[in-house]
Structures are given as structure tokens and as C-alpha cells.
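Structure file entry-v8.cif with mmCIF, C-alpha atoms:
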```
data_start
#
loop_
_atom_site.label_atom_id
_atom_site.label_comp_id
_atom_site.auth_asym_id
_atom_site.auth_seq_id
_atom_site.Cartn_x
_atom_site.Cartn_y
_atom_site.Cartn_z
CA MET A 1 22.12 9.12 8.35
CA LYS A 2 22.24 11.45 5.38
CA ASP A 3 25.32 9.55 4.26
CA THR A 4 23.52 6.20 4.09
CA VAL A 5 23.31 5.05 0.48
CA ILE A 6 22.44 1.87 -1.37
CA LYS A 7 25.55 0.01 -2.48
CA ARG A 8 24.23 -3.35 -3.73
CA VAL A 9 20.88 -4.82 -4.78
CA GLU A 10 20.15 -8.55 -5.19
CA LEU A 11 17.04 -9.98 -6.85
CA TYR A 12 15.74 -13.53 -6.49
CA ALA A 13 12.78 -15.33 -8.04
CA VAL A 14 12.31 -18.20 -5.62
CA ALA A 15 10.31 -21.15 -6.96
CA ASP A 16 8.54 -23.11 -4.26
CA ARG A 17 8.60 -26.50 -5.94
CA ASP A 18 7.28 -28.32 -2.86
CA ALA A 19 4.26 -26.11 -2.18
CA PRO A 20 0.89 -27.72 -2.90
CA PRO A 21 -0.49 -26.27 -6.18
CA ILE A 22 -3.65 -24.80 -4.68
CA PRO A 23 -6.28 -23.29 -7.00
CA TRP A 24 -8.67 -20.64 -5.66
CA ALA A 25 -11.57 -21.37 -7.97
CA ASP A 26 -13.13 -24.33 -9.72
CA ASN A 27 -12.08 -23.06 -13.16
CA GLN A 28 -8.39 -22.57 -12.34
CA GLU A 29 -5.46 -24.79 -13.10
CA PRO A 30 -3.23 -25.66 -10.11
CA LEU A 31 -1.30 -22.54 -9.15
CA LEU A 32 2.48 -22.30 -8.80
CA TYR A 33 4.00 -19.78 -6.39
CA THR A 34 7.04 -17.57 -6.92
CA ASN A 35 8.48 -15.44 -4.11
CA ASN A 36 10.10 -12.38 -5.71
CA ILE A 37 12.68 -11.05 -3.24
CA VAL A 38 14.79 -7.90 -3.24
CA ARG A 39 17.76 -7.58 -0.88
CA ILE A 40 19.21 -4.09 -0.50
CA ILE A 41 22.63 -3.60 1.11
CA CYS A 42 23.86 -0.18 2.20
CA ASN A 43 27.37 1.26 2.34
CA ASP A 44 27.46 0.74 6.13
CA GLY A 45 26.37 -2.92 5.82
CA THR A 46 22.73 -2.43 6.85
CA GLU A 47 20.44 -4.71 4.88
CA GLY A 48 16.76 -4.59 4.02
CA VAL A 49 14.46 -7.14 2.38
CA GLY A 50 11.20 -6.88 0.50
CA ALA A 51 9.15 -9.29 -1.56
CA THR A 52 5.96 -9.93 -3.47
CA ILE A 53 4.38 -13.24 -4.34
CA SER A 54 3.14 -14.11 -7.83
CA TYR A 55 0.79 -16.93 -8.80
CA THR A 56 0.79 -18.52 -12.22
CA GLU A 57 -0.48 -21.61 -14.02
CA ASN A 58 1.75 -24.18 -15.74
CA ASP A 59 5.11 -22.60 -14.84
CA PHE A 60 6.77 -20.36 -12.27
CA ASP A 61 6.65 -16.62 -12.82
CA ARG A 62 9.58 -14.59 -14.12
CA CYS A 63 7.67 -11.43 -15.00
CA ILE A 64 8.14 -9.65 -11.67
CA ILE A 65 11.88 -10.19 -11.36
CA GLU A 66 12.39 -9.15 -14.98
CA ALA A 67 10.43 -5.98 -14.32
CA MET A 68 12.42 -5.27 -11.14
CA ARG A 69 15.64 -5.85 -13.09
CA THR A 70 14.91 -2.76 -15.19
CA ILE A 71 14.23 -0.58 -12.13
CA VAL A 72 16.85 -1.39 -9.49
CA PRO A 73 20.03 -0.16 -11.27
CA GLY A 74 18.80 3.37 -10.51
CA LEU A 75 18.76 2.62 -6.78
CA ILE A 76 22.55 2.56 -6.45
CA GLY A 77 23.68 5.65 -4.55
CA LYS A 78 20.21 6.60 -3.29
CA ASN A 79 19.39 7.05 0.41
CA PRO A 80 16.89 4.33 1.43
CA LEU A 81 15.93 6.26 4.57
CA MET A 82 14.21 8.89 2.41
CA THR A 83 11.27 6.55 1.93
CA ASP A 84 8.74 9.06 0.60
CA GLU A 85 11.25 10.49 -1.84
CA LEU A 86 12.19 6.95 -2.93
CA ASN A 87 8.55 5.94 -3.40
CA THR A 88 7.96 9.02 -5.56
CA TRP A 89 10.98 8.03 -7.66
CA LEU A 90 9.63 4.48 -7.98
CA GLY A 91 6.27 5.83 -9.12
CA ALA A 92 7.95 7.62 -12.00
CA ARG A 93 9.73 4.52 -13.31
CA CYS A 94 8.49 3.11 -16.59
CA SER A 95 7.76 -0.58 -16.03
CA TRP A 96 5.18 -3.07 -17.28
CA GLY A 97 5.49 -4.84 -13.94
CA GLY A 98 3.34 -2.17 -12.34
CA LEU A 99 3.09 -1.62 -8.60
CA PRO A 100 3.88 -5.24 -7.63
CA ALA A 101 7.35 -4.87 -9.18
CA LYS A 102 7.99 -1.68 -7.22
CA SER A 103 6.47 -2.68 -3.87
CA PRO A 104 9.36 -4.93 -2.66
CA ILE A 105 11.83 -2.07 -3.10
CA ASP A 106 9.80 0.27 -0.91
CA ILE A 107 9.38 -2.48 1.70
CA ALA A 108 13.13 -3.16 1.80
CA ALA A 109 13.81 0.55 2.31
CA TRP A 110 11.46 0.62 5.30
CA ASP A 111 13.18 -2.48 6.70
CA ILE A 112 16.46 -0.56 6.57
CA LYS A 113 14.83 2.50 8.13
CA GLY A 114 13.53 0.48 11.07
CA LYS A 115 16.92 -1.12 11.64
CA LYS A 116 18.70 2.23 11.53
CA ALA A 117 16.16 3.66 13.99
CA GLY A 118 16.59 0.63 16.26
CA MET A 119 12.84 -0.04 16.28
CA PRO A 120 10.36 -2.65 15.08
CA LEU A 121 8.64 -1.20 12.07
CA TYR A 122 5.14 -1.15 13.58
CA MET A 123 6.39 1.10 16.38
CA LEU A 124 8.14 3.41 13.92
CA LEU A 125 4.93 3.71 11.87
CA GLY A 126 2.70 4.55 14.82
CA GLY A 127 2.54 1.64 17.25
CA ALA A 128 -1.19 1.18 17.87
CA ARG A 129 -0.88 -2.33 19.40
CA HIS A 130 1.45 -5.29 19.82
CA LYS A 131 -0.87 -8.04 18.55
CA MET A 132 -4.09 -8.55 16.62
CA LYS A 133 -6.62 -11.25 15.79
CA SER A 134 -5.94 -13.33 12.70
CA TYR A 135 -7.95 -15.57 10.44
CA ALA A 136 -7.00 -18.75 8.64
CA SER A 137 -7.20 -18.47 4.86
CA THR A 138 -8.22 -21.83 3.45
CA PRO A 139 -7.25 -23.61 0.26
CA MET A 140 -10.04 -24.79 -2.03
CA PHE A 141 -10.97 -28.41 -1.39
CA ASP A 142 -12.52 -30.83 -3.86
CA THR A 143 -15.53 -31.58 -1.66
CA VAL A 144 -17.49 -29.80 1.04
CA GLU A 145 -16.70 -32.59 3.49
CA GLU A 146 -12.95 -31.94 3.14
CA TYR A 147 -13.40 -28.49 4.66
CA PHE A 148 -14.58 -29.92 7.99
CA PRO A 149 -11.31 -31.47 9.28
CA TYR A 150 -9.46 -28.37 8.09
CA VAL A 151 -11.79 -26.07 10.01
CA ASP A 152 -11.60 -28.32 13.05
CA ASP A 153 -7.81 -28.16 12.95
CA CYS A 154 -7.87 -24.36 12.66
CA ILE A 155 -10.11 -24.10 15.70
CA GLU A 156 -7.90 -26.49 17.65
CA HIS A 157 -4.88 -24.40 16.76
CA GLY A 158 -6.49 -21.22 18.10
CA PHE A 159 -8.02 -19.44 15.11
CA THR A 160 -11.26 -17.63 15.91
CA ALA A 161 -11.98 -16.64 12.30
CA ILE A 162 -11.68 -18.50 8.98
CA LYS A 163 -11.97 -17.30 5.38
CA LEU A 164 -13.17 -19.85 2.87
CA HIS A 165 -11.63 -19.95 -0.58
CA CYS A 166 -14.52 -21.61 -2.34
CA TYR A 167 -15.40 -22.96 -5.76
CA CYS A 168 -16.55 -19.57 -7.07
CA VAL A 169 -19.49 -21.40 -8.61
CA TYR A 170 -22.64 -20.06 -6.98
CA GLU A 171 -24.59 -23.31 -6.65
CA LYS A 172 -21.61 -25.19 -5.16
CA ASP A 173 -20.74 -22.30 -2.86
CA VAL A 174 -24.26 -22.16 -1.44
CA LYS A 175 -23.95 -25.79 -0.43
CA LEU A 176 -20.58 -25.06 1.21
CA VAL A 177 -21.84 -22.01 3.12
CA ASN A 178 -24.94 -23.86 4.32
CA ALA A 179 -22.89 -26.85 5.44
CA ILE A 180 -20.38 -24.70 7.32
CA GLN A 181 -23.18 -22.75 8.98
CA GLU A 182 -24.98 -25.91 10.03
CA ARG A 183 -21.84 -27.42 11.54
CA TYR A 184 -20.17 -24.35 13.07
CA GLY A 185 -22.89 -21.69 13.29
CA LYS A 186 -23.12 -21.85 17.08
CA THR A 187 -19.38 -22.08 17.81
CA GLY A 188 -18.65 -18.35 17.74
CA ILE A 189 -16.15 -18.74 14.91
CA ARG A 190 -16.34 -15.85 12.42
CA PHE A 191 -16.47 -16.83 8.75
CA MET A 192 -15.69 -14.94 5.54
CA LEU A 193 -16.12 -15.99 1.91
CA ASP A 194 -13.83 -15.09 -1.02
CA THR A 195 -15.41 -15.61 -4.44
CA ALA A 196 -12.49 -14.17 -6.46
CA THR A 197 -14.69 -11.87 -8.65
CA PHE A 198 -16.40 -14.77 -10.46
CA TYR A 199 -20.05 -14.07 -9.53
CA THR A 200 -22.70 -12.35 -11.60
CA PRO A 201 -24.36 -9.33 -9.96
CA ALA A 202 -27.48 -11.39 -9.19
CA GLU A 203 -25.44 -14.22 -7.65
CA ALA A 204 -23.44 -11.74 -5.57
CA MET A 205 -26.62 -10.24 -4.14
CA LYS A 206 -28.14 -13.64 -3.31
CA MET A 207 -24.94 -14.80 -1.61
CA ALA A 208 -24.67 -11.54 0.34
CA LYS A 209 -28.24 -11.94 1.59
CA LEU A 210 -27.57 -15.55 2.63
CA MET A 211 -24.39 -14.62 4.49
CA GLU A 212 -26.15 -11.67 6.12
CA SER A 213 -28.83 -14.02 7.45
CA TYR A 214 -26.08 -16.15 9.00
CA ASP A 215 -24.25 -13.11 10.45
CA TRP A 216 -21.00 -13.92 8.67
CA GLU A 217 -18.12 -11.42 8.74
CA TRP A 218 -17.70 -10.36 5.09
CA LEU A 219 -18.08 -11.25 1.42
CA GLU A 220 -14.86 -10.64 -0.45
CA ALA A 221 -14.44 -10.03 -4.18
CA PRO A 222 -17.97 -10.95 -5.23
CA VAL A 223 -17.54 -9.31 -8.66
CA SER A 224 -14.85 -7.43 -10.58
CA ASP A 225 -13.47 -4.44 -8.70
CA TYR A 226 -14.45 -2.38 -11.75
CA ASP A 227 -18.14 -3.30 -11.41
CA TYR A 228 -18.82 -0.18 -9.38
CA LYS A 229 -22.61 -0.30 -9.62
CA THR A 230 -22.86 -3.85 -8.27
CA TYR A 231 -20.60 -2.98 -5.32
CA GLN A 232 -22.74 0.08 -4.57
CA ARG A 233 -25.92 -2.01 -4.63
CA LEU A 234 -24.40 -4.66 -2.35
CA VAL A 235 -23.33 -2.02 0.17
CA ASP A 236 -26.70 -0.25 -0.01
CA LYS A 237 -28.98 -3.30 0.09
CA THR A 238 -27.27 -5.43 2.76
CA ASP A 239 -25.73 -4.97 6.19
CA LEU A 240 -23.00 -7.48 5.36
CA GLU A 241 -19.48 -6.13 5.06
CA ILE A 242 -18.59 -6.03 1.35
CA SER A 243 -14.88 -6.19 0.59
CA SER A 244 -13.10 -5.72 -2.73
CA HIS A 245 -10.65 -8.02 -4.50
CA GLY A 246 -7.74 -5.83 -3.41
CA ASN A 247 -5.69 -6.26 -6.57
CA CYS A 248 -7.11 -3.65 -8.94
CA LEU A 249 -8.01 -0.28 -7.40
CA LEU A 250 -4.73 0.31 -5.60
CA THR A 251 -3.67 3.95 -5.74
CA LEU A 252 -4.55 6.46 -3.05
CA GLN A 253 -6.70 8.35 -5.54
CA GLU A 254 -8.63 5.21 -6.56
CA VAL A 255 -9.23 4.21 -2.94
CA THR A 256 -10.42 7.72 -2.06
CA TYR A 257 -12.81 7.72 -5.02
CA ALA A 258 -14.15 4.26 -4.18
CA LEU A 259 -14.84 5.12 -0.54
CA GLY A 260 -16.31 8.50 -1.42
CA ASN A 261 -18.77 6.81 -3.76
CA GLY A 262 -19.76 4.02 -1.37
CA PHE A 263 -18.28 1.11 -3.34
CA TRP A 264 -17.03 -0.87 -0.34
CA SER A 265 -17.71 -1.42 3.34
CA ASP A 266 -13.95 -1.47 3.95
CA VAL A 267 -10.66 -1.18 2.07
CA ARG A 268 -8.63 -4.22 1.04
CA GLN A 269 -4.93 -3.61 0.40
CA ASP A 270 -1.58 -5.39 0.42
CA ALA A 271 1.78 -3.67 0.83
CA THR A 272 3.35 -6.04 -1.68
CA VAL A 273 0.80 -5.14 -4.38
CA CYS A 274 -0.16 -1.48 -3.82
CA GLY A 275 3.33 0.03 -4.09
CA GLY A 276 4.81 -0.74 -0.69
CA ILE A 277 4.57 0.33 2.93
CA THR A 278 4.63 4.04 2.05
CA PRO A 279 1.25 4.07 0.25
CA LEU A 280 -0.31 1.39 2.48
CA ASN A 281 0.36 3.48 5.58
CA LYS A 282 -1.31 6.46 3.91
CA CYS A 283 -4.21 4.28 2.78
CA PHE A 284 -4.94 3.36 6.38
CA ALA A 285 -5.39 7.06 7.11
CA ILE A 286 -7.73 7.47 4.13
CA ALA A 287 -9.84 4.56 5.38
CA GLU A 288 -9.91 5.99 8.90
CA GLY A 289 -11.00 9.34 7.49
CA HIS A 290 -14.00 7.58 5.98
CA SER A 291 -14.66 5.67 9.25
CA LYS A 292 -13.73 2.43 7.51
CA ASN A 293 -11.48 -0.48 8.31
CA LEU A 294 -8.63 -1.49 6.06
CA GLU A 295 -8.60 -5.28 6.07
CA ILE A 296 -5.13 -6.45 5.15
CA GLN A 297 -4.63 -8.89 2.30
CA SER A 298 -1.50 -10.77 3.28
CA MET A 299 -1.52 -14.26 1.84
CA GLY A 300 2.11 -14.95 0.98
CA TYR A 301 5.55 -15.80 2.27
CA THR A 302 7.13 -14.54 5.49
CA ILE A 303 8.37 -11.20 4.12
CA THR A 304 4.91 -10.45 2.72
CA GLN A 305 3.34 -11.39 6.05
CA ALA A 306 5.78 -9.25 8.02
CA ALA A 307 5.38 -6.14 5.86
CA ASN A 308 1.60 -6.18 6.09
CA LEU A 309 1.49 -7.14 9.75
CA HIS A 310 3.74 -4.27 10.82
CA VAL A 311 1.56 -1.70 9.05
CA ALA A 312 -1.63 -3.23 10.47
CA LEU A 313 -0.22 -3.11 14.01
CA ALA A 314 0.59 0.57 13.53
CA HIS A 315 -3.15 1.30 13.20
CA ASN A 316 -6.40 0.42 14.97
CA ASN A 317 -8.73 0.18 11.97
CA CYS A 318 -7.90 -3.37 10.90
CA LYS A 319 -9.85 -6.15 12.57
CA PHE A 320 -8.14 -9.30 11.26
CA PHE A 321 -4.81 -10.40 9.82
CA GLU A 322 -4.78 -13.02 7.06
CA GLN A 323 -2.68 -16.16 7.50
CA PHE A 324 -2.52 -19.08 5.11
CA TYR A 325 -2.78 -22.32 7.05
CA PRO A 326 -0.98 -24.71 7.27
CA TYR A 327 1.94 -22.33 7.58
CA GLU A 328 4.73 -24.50 6.23
CA SER A 329 3.67 -23.95 2.62
CA PHE A 330 4.73 -20.29 2.84
CA GLU A 331 7.82 -20.39 5.06
CA LEU A 332 10.38 -21.43 2.45
CA ALA A 333 13.90 -20.07 3.10
CA SER A 334 12.83 -18.02 6.13
CA LYS A 335 14.38 -18.53 9.55
CA THR A 336 11.60 -16.39 11.03
CA GLN A 337 8.09 -17.70 11.61
CA ILE A 338 4.89 -15.66 11.94
CA ARG A 339 2.17 -17.85 13.41
CA THR A 340 -1.10 -17.35 15.27
CA ASP A 341 -0.97 -18.20 18.95
CA ARG A 342 -3.40 -20.40 20.88
CA ASP A 343 -5.54 -17.40 21.77
CA GLY A 344 -6.04 -16.44 18.13
CA PHE A 345 -3.58 -13.53 18.06
CA VAL A 346 -0.63 -12.89 15.76
CA HIS A 347 2.42 -10.91 16.88
CA ALA A 348 5.08 -9.02 14.94
CA PRO A 349 8.46 -10.76 14.64
CA GLU A 350 10.99 -9.77 17.27
CA GLY A 351 13.77 -7.47 16.12
CA ASN A 352 14.11 -4.13 14.39
CA GLY A 353 12.70 -3.28 10.98
CA LEU A 354 10.65 -6.17 9.62
CA GLY A 355 12.36 -8.57 12.02
CA VAL A 356 12.72 -11.22 9.30
CA GLU A 357 15.88 -13.31 8.95
CA MET A 358 16.31 -15.15 5.66
CA ASP A 359 18.37 -18.24 4.88
CA TRP A 360 20.17 -16.82 1.87
CA ASP A 361 21.75 -20.13 0.93
CA ALA A 362 18.26 -21.65 0.71
CA VAL A 363 17.04 -18.62 -1.25
CA LYS A 364 19.80 -19.01 -3.81
CA GLU A 365 19.29 -22.75 -4.08
CA ALA A 366 15.58 -22.38 -4.82
CA SER A 367 15.89 -19.43 -7.22
CA ILE A 368 15.04 -19.79 -10.89
CA ALA A 369 16.47 -16.34 -11.67
CA THR A 370 18.97 -14.11 -9.87
CA TYR A 371 20.38 -10.65 -10.60
CA VAL A 372 22.95 -8.52 -8.74
CA PHE A 373 23.60 -4.80 -9.19
CA GLU A 374 26.28 -2.72 -7.47
#
```
Would you mind writing the file's structure down as C-alpha cells?
Amino acid sequence: MKDTVIKRVELYAVADRDAPPIPWADNQEPLLYTNNIVRIICNDGTEGVGATISYTENDFDRCIIEAMRTIVPGLIGKNPLMTDELNTWLGARCSWGGLPAKSPIDIAAWDIKGKKAGMPLYMLLGGARHKMKSYASTPMFDTVEEYFPYVDDCIEHGFTAIKLHCYCVYEKDVKLVNAIQERYGKTGIRFMLDTATFYTPAEAMKMAKLMESYDWEWLEAPVSDYDYKTYQRLVDKTDLEISSHGNCLLTLQEVTYALGNGFWSDVRQDATVCGGITPLNKCFAIAEGHSKNLEIQSMGYTITQAANLHVALAHNNCKFFEQFYPYESFELASKTQIRTDRDGFVHAPEGNGLGVEMDWDAVKEASIATYVFE
């Protein structure tokens, strides 16, 4: 295996032109989704894939693929099985794309490592369980009433937990939370609320108190991740689980500092944003060392789902897995499906590594930018 080296790297920015342009807050324009894919091919023919999703207004994103384009030429000739060494090398690369532009490369290397080991990735990383509970991650609807048939459908499908992407306007969100509680409060369904950092400190506290009185699961991203004092007050003054945005404080050092200073009730991370599977796996251990859960952020396409799911299944300190529903919006160009079963559980794809099979003809057809290095 020491002779395994990277021979070819392909990059694709896949524009999902048919996906519904779903905003996550009342003040956002409709969002367009780009699936930024890296395909690494070794000298013995073994392939690995990684990806990260980007969301933009008005046009599809080209920033991530352009950032990756300046990094991947240096991969040629490197051994992808040396994942920690490779991640250290990625960390030293000068790129304005940040960790999201480096994460897919690390993920693809782990995909190769799992295939070479002949094991599903979650087993290679630790193998804590074969399945876990998931929650449906909602779009934002125009009216409160539109949430009801969506929630009903989720329950019918098997979901036992649902996270509401709301208006991120306090007064409107209170009406939504009260309406959901009145309709579903006695069903046993667990609810979360994601306010995308748009609340004031006072609004965050009032919403946390309301959700605590209803015994909801968690409040996510109530304020900016950099508003340390408000997060500390929320954790200190309520028994509700307080979760961060998961897109700002990403490094192992930042997570350690945040937990050590009582910013969060849990950790929120995403392999496709934090630098890849290598740091996410370590972050789970940091969370466990602080007796905290790491609640995976995994809204995205199939490769994103697979990467995060495998790491979550390798550990016991993650309660729920995030799935956007309906699924079809995030399955473009993938032959593999990751879907919650009728009992509310999600399972890793079958096969070694990530277990994801892509339709490369469909990938190429939908791409707005493509680069090849060998």
C-alpha cells in the first residue's frame, strides 16, 4: 500500500438547476445549490470521491471549485492512504476557499482508504453502530399552515424528529413554534428550531425559554457563533440544548476553547466544512472528552450525507442524523440513496469506503465548471 499514489484528479461544480430554490430565512433570496465534487483516481485504479455543497443567491457558485483548482495539482504522486499526513499538507495550502475547499479532498482520500481496506468507512473509523435515528430538515414555508402537511408526511414516512427552518423573525417564529406545539405536542415527535444566527440576544433567550417549556430538543444557531457571551448565558440560564451554527468555529482548537468555556450544549460540525473526515473524527473525541454530543450537520447531496453519516456511526455521542426531506432534491447524479427507514433510522450505504456510486455522465452533463489534473 505504500506504493499507492494519486494519478488523476477531476473537479466538478454541479449545478442543480431543478432543485427548488429554498431560502432558510425571511430575508434571503431564493438559494441556488452547487455540488462541488472531487474525484481522485490512483495508479492502481482505485477511486475516491468527496464533495461539499455551496449555497448562493442569484447564480450558482464557482468559488469552491476555483479554490480547489489551485490546490489539487499538488496531490499528484501523493499517497492518499496517509490521511493524517495529507490533511496536514492540506492545512498548509494557501487558499481563500478555506476549509470547505479542502474538505472534499480529505473525504475522497478516506473513501480510497476504506476501499483499499475492504471495509465500510464507519467500521474503519471505529464502528460504534450500524444505524442511528435521523431527523427531517425542513424548508422554510411561506405560511405556518404549510408546515402541517409537510410534518404529517414526515411522520408518515417514519421520521421521529423534525428540525424547522423558520422565518428567523422572532414574532413569526413564535407563532410557528406555538402552532407546531399545539398540533404535535402530544405525538412524541422531537422538534428542533434553526434560526440561522438572526436573533438578538434578548430574542434568543425568550425563544429558548419558550422551547424549554415545551421540552423541545434544541435551539440551533440563535445568534452569531462569535457572540460568545450570549451563548454562555443561554447555556447557563436554560436547560434547553443550545447548538451553534456549525459554520464558523471549525478547528479543533476553536471547538476545544468553546467547550471549555461553556459556549454550547453540544458541538455542531460537518465533514464537508470543517476540513474533512480527519478533523471531524478527532472532534468527536474532543466532544466526548467534555461529555458532549456532536450533532452532525449534514444537509447536502449524497456524498455529503455519506461522509458525515459514516463518521457519526463510528461514535456513540451523536443522537440524530440530519436529512433534507423530500430526498429527491439532493440526489442529483447519485446512483446511491441514503434514506430514513420506516422506523426512523438511517443506515450507511452498502459497500466499502463511502459506499457511494456516482453517475459520472450525469455529473458531467450538469457541471458548470470542470477541471482535470494528472
* Two-atom distance - CA of Trp96 (chain A), CA of Ile76 (chain A) (Å) -> 21.2 Å
* Asked: Can you list, as a list in words, every protein, DNA or RNA residue that comes within 10 Å of Cys274 (chain A) when you count only C-alpha atoms, leaving out same-chain residues fewer than 2 positions away?
  ->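 Neighbouring residues, sequence-local ones excluded: Gly98, Leu99, Pro100, Ala101, Lys102, Ser103, Gly246, Asn247, Cys248, Leu249, Leu250, Thr251, Leu252, Gln269, Asp270, Ala271, Thr272, Gly276, Ile277, Thr278, Pro279, Leu280 and Cys283 of chain A.
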What would the file look like if the residues just selected were written as a compact mmCIF listing (two decimals), in the coordinates of the input with C-alpha atoms?
```txt
# COMPACT_ATOMS: atom_id res chain seq x y z
CA GLY A 98 3.34 -2.17 -12.34
CA LEU A 99 3.09 -1.62 -8.60
CA PRO A 100 3.88 -5.24 -7.63
CA ALA A 101 7.35 -4.87 -9.18
CA LYS A 102 7.99 -1.68 -7.22
CA SER A 103 6.47 -2.68 -3.87
CA GLY A 246 -7.74 -5.83 -3.41
CA ASN A 247 -5.69 -6.26 -6.57
CA CYS A 248 -7.11 -3.65 -8.94
CA LEU A 249 -8.01 -0.28 -7.40
CA LEU A 250 -4.73 0.31 -5.60
CA THR A 251 -3.67 3.95 -5.74
CA LEU A 252 -4.55 6.46 -3.05
CA GLN A 269 -4.93 -3.61 0.40
CA ASP A 270 -1.58 -5.39 0.42
CA ALA A 271 1.78 -3.67 0.83
CA THR A 272 3.35 -6.04 -1.68
CA GLY A 276 4.81 -0.74 -0.69
CA ILE A 277 4.57 0.33 2.93
CA THR A 278 4.63 4.04 2.05
CA PRO A 279 1.25 4.07 0.25
CA LEU A 280 -0.31 1.39 2.48
CA CYS A 283 -4.21 4.28 2.78
```
* When distances are computed from all atoms listed in the file, which of A:Thr34, A:Ser137, A:Ser244, A:Asn27 shows the smallest separation from Tyr12 (chain A)? ->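 The shortest atom-to-atom distance to Tyr12 (chain A) comes from A:Thr34.
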* To do: Find the distance between CA of Val177 (chain A) and CA of Phe324 (chain A) and write it in Å to one decimal.
  =>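 Between these atoms lies a distance of 19.6 Å.
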For the structure shown, which residues end up in the PyMOL selection byres ((chain A and resi 58) around 12)? Put them as a PDB file with C-alpha atoms, in the coordinates of the input, please?
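Now in result_2.pdb:
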```pdb
ATOM      1  CA  PRO A  21      -0.490 -26.270  -6.180  1.00  0.00           C
ATOM      2  CA  PRO A  23      -6.280 -23.290  -7.000  1.00  0.00           C
ATOM      3  CA  GLN A  28      -8.390 -22.570 -12.340  1.00  0.00           C
ATOM      4  CA  GLU A  29      -5.460 -24.790 -13.100  1.00  0.00           C
ATOM      5  CA  PRO A  30      -3.230 -25.660 -10.110  1.00  0.00           C
ATOM      6  CA  LEU A  31      -1.300 -22.540  -9.150  1.00  0.00           C
ATOM      7  CA  LEU A  32       2.480 -22.300  -8.800  1.00  0.00           C
ATOM      8  CA  TYR A  33       4.000 -19.780  -6.390  1.00  0.00           C
ATOM      9  CA  TYR A  55       0.790 -16.930  -8.800  1.00  0.00           C
ATOM     10  CA  THR A  56       0.790 -18.520 -12.220  1.00  0.00           C
ATOM     11  CA  GLU A  57      -0.480 -21.610 -14.020  1.00  0.00           C
ATOM     12  CA  ASP A  59       5.110 -22.600 -14.840  1.00  0.00           C
ATOM     13  CA  PHE A  60       6.770 -20.360 -12.270  1.00  0.00           C
ATOM     14  CA  ASP A  61       6.650 -16.620 -12.820  1.00  0.00           C
TER      15      ASP A  61
END
```
* Asked: Which one is closest to Pro20 (chain A): A:Tyr170, A:Phe141, A:Trp360, A:Phe345? Count all atoms listed in the file.
  ->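 When distances to Pro20 (chain A) are compared using all atoms listed in the file, the smallest one comes from A:Phe141.
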* Asked: So which residues get picked by the PyMOL selection byres ((chain A and resi 104) around 12) here, written as a ChimeraX atom specification?
  -> /A:9-12,35-40,48-53,64-65,67-68,71-72,87,90,97-103,105-111,270-278,303-304,307-308
* Exactly which residues make up the result of the PyMOL selection byres ((chain A and resi 287) around 10) on this file, given as a VMD selection string? -> chain A and resid 255 to 256 259 266 to 268 282 to 286 288 to 295 317 to 318
* Structure fact -> In Å and to one decimal, CA of Leu234 (chain A) is distant from CA of Trp264 (chain A) by 8.5 Å
* To do: Fewer than 6 positions away in the same chain doesn't count, so skip those; otherwise give me all residues within 7 Å of Ile368 (chain A), counting all atoms listed in the file, as number ranges by chain.
  => A: 13-15
Within 6 Å of region 156-162 of chain A, which residues of region 181-270 of chain A show up? Give each one with its shortest atom-to-atom distance in Å (one decimal) and the two atoms involved, counting only C-alpha atoms, rows by chain then rising residue number, as a Markdown table.
```
| residue | atom | partner | partner_atom | distance |
| --- | --- | --- | --- | --- |
| A:Ile189 | CA | A:Thr160 | CA | 5.1 |
| A:Arg190 | CA | A:Ala161 | CA | 4.4 |
| A:Phe191 | CA | A:Ile162 | CA | 5.1 |
```
* **Close residues, Glu331 (chain A) itself excluded, 9 Å, only C-alpha atoms, min 4 positions apart in chain, as an NGL selection string** => :A and (300-302 or 327 or 335-338)
For the residues in that selection, give me C-alpha atoms as a PDB file, in the coordinates of the input.
```pdb
ATOM      1  CA  GLY A 300       2.110 -14.950   0.980  1.00  0.00           C
ATOM      2  CA  TYR A 301       5.550 -15.800   2.270  1.00  0.00           C
ATOM      3  CA  THR A 302       7.130 -14.540   5.490  1.00  0.00           C
ATOM      4  CA  TYR A 327       1.940 -22.330   7.580  1.00  0.00           C
ATOM      5  CA  LYS A 335      14.380 -18.530   9.550  1.00  0.00           C
ATOM      6  CA  THR A 336      11.600 -16.390  11.030  1.00  0.00           C
ATOM      7  CA  GLN A 337       8.090 -17.700  11.610  1.00  0.00           C
ATOM      8  CA  ILE A 338       4.890 -15.660  11.940  1.00  0.00           C
TER       9      ILE A 338
END
```
* To do: Give the answer as one residue: which of A:Gly126, A:Gly188, A:Pro326, A:Gly344 has the shortest atom-to-atom distance to Glu217 (chain A), using all atoms listed in the file?
  =>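 Selected residue with least distance to Glu217 (chain A): A:Gly188.
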* To do: For Ala362 (chain A), list every protein, DNA or RNA residue within 9 Å, evaluated using only C-alpha atoms, and leave out those in the same chain fewer than 5 positions away; present the list as a ChimeraX atom specification.
  => /A:332-334,367
* To do: Kindly indicate which residue among A:Gly351, A:Pro149, A:Pro80, A:Pro139 lies nearest to Leu164 (chain A), using only C-alpha atoms for the distances.
  =>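 Counting only C-alpha atoms, the residue closest to Leu164 (chain A) is A:Pro139.
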* Point out the residue among A:Asp3, A:Glu241, A:Asp227, A:Asp18 with the least atom-to-atom distance to Phe330 (chain A), counting all atoms listed in the file. =>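 Comparing A:Asp3, A:Glu241, A:Asp227, A:Asp18 against Phe330 (chain A), the winner is A:Asp18.
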* Mind listing whatever residues come within 12 Å of the point (-21.1, -26.3, 8.3)? Use only C-alpha atoms, file coordinates, and give them as a ChimeraX atom specification. => /A:144-152,164,173-187,189,191,214
* Asked: Can you tell me, as a VMD selection string, what residues are no more than 8 Å from Ala314 (chain A) when counting only C-alpha atoms, ignoring any on the same chain fewer than 5 positions away?
  -> chain A and resid 122 to 123 125 to 129
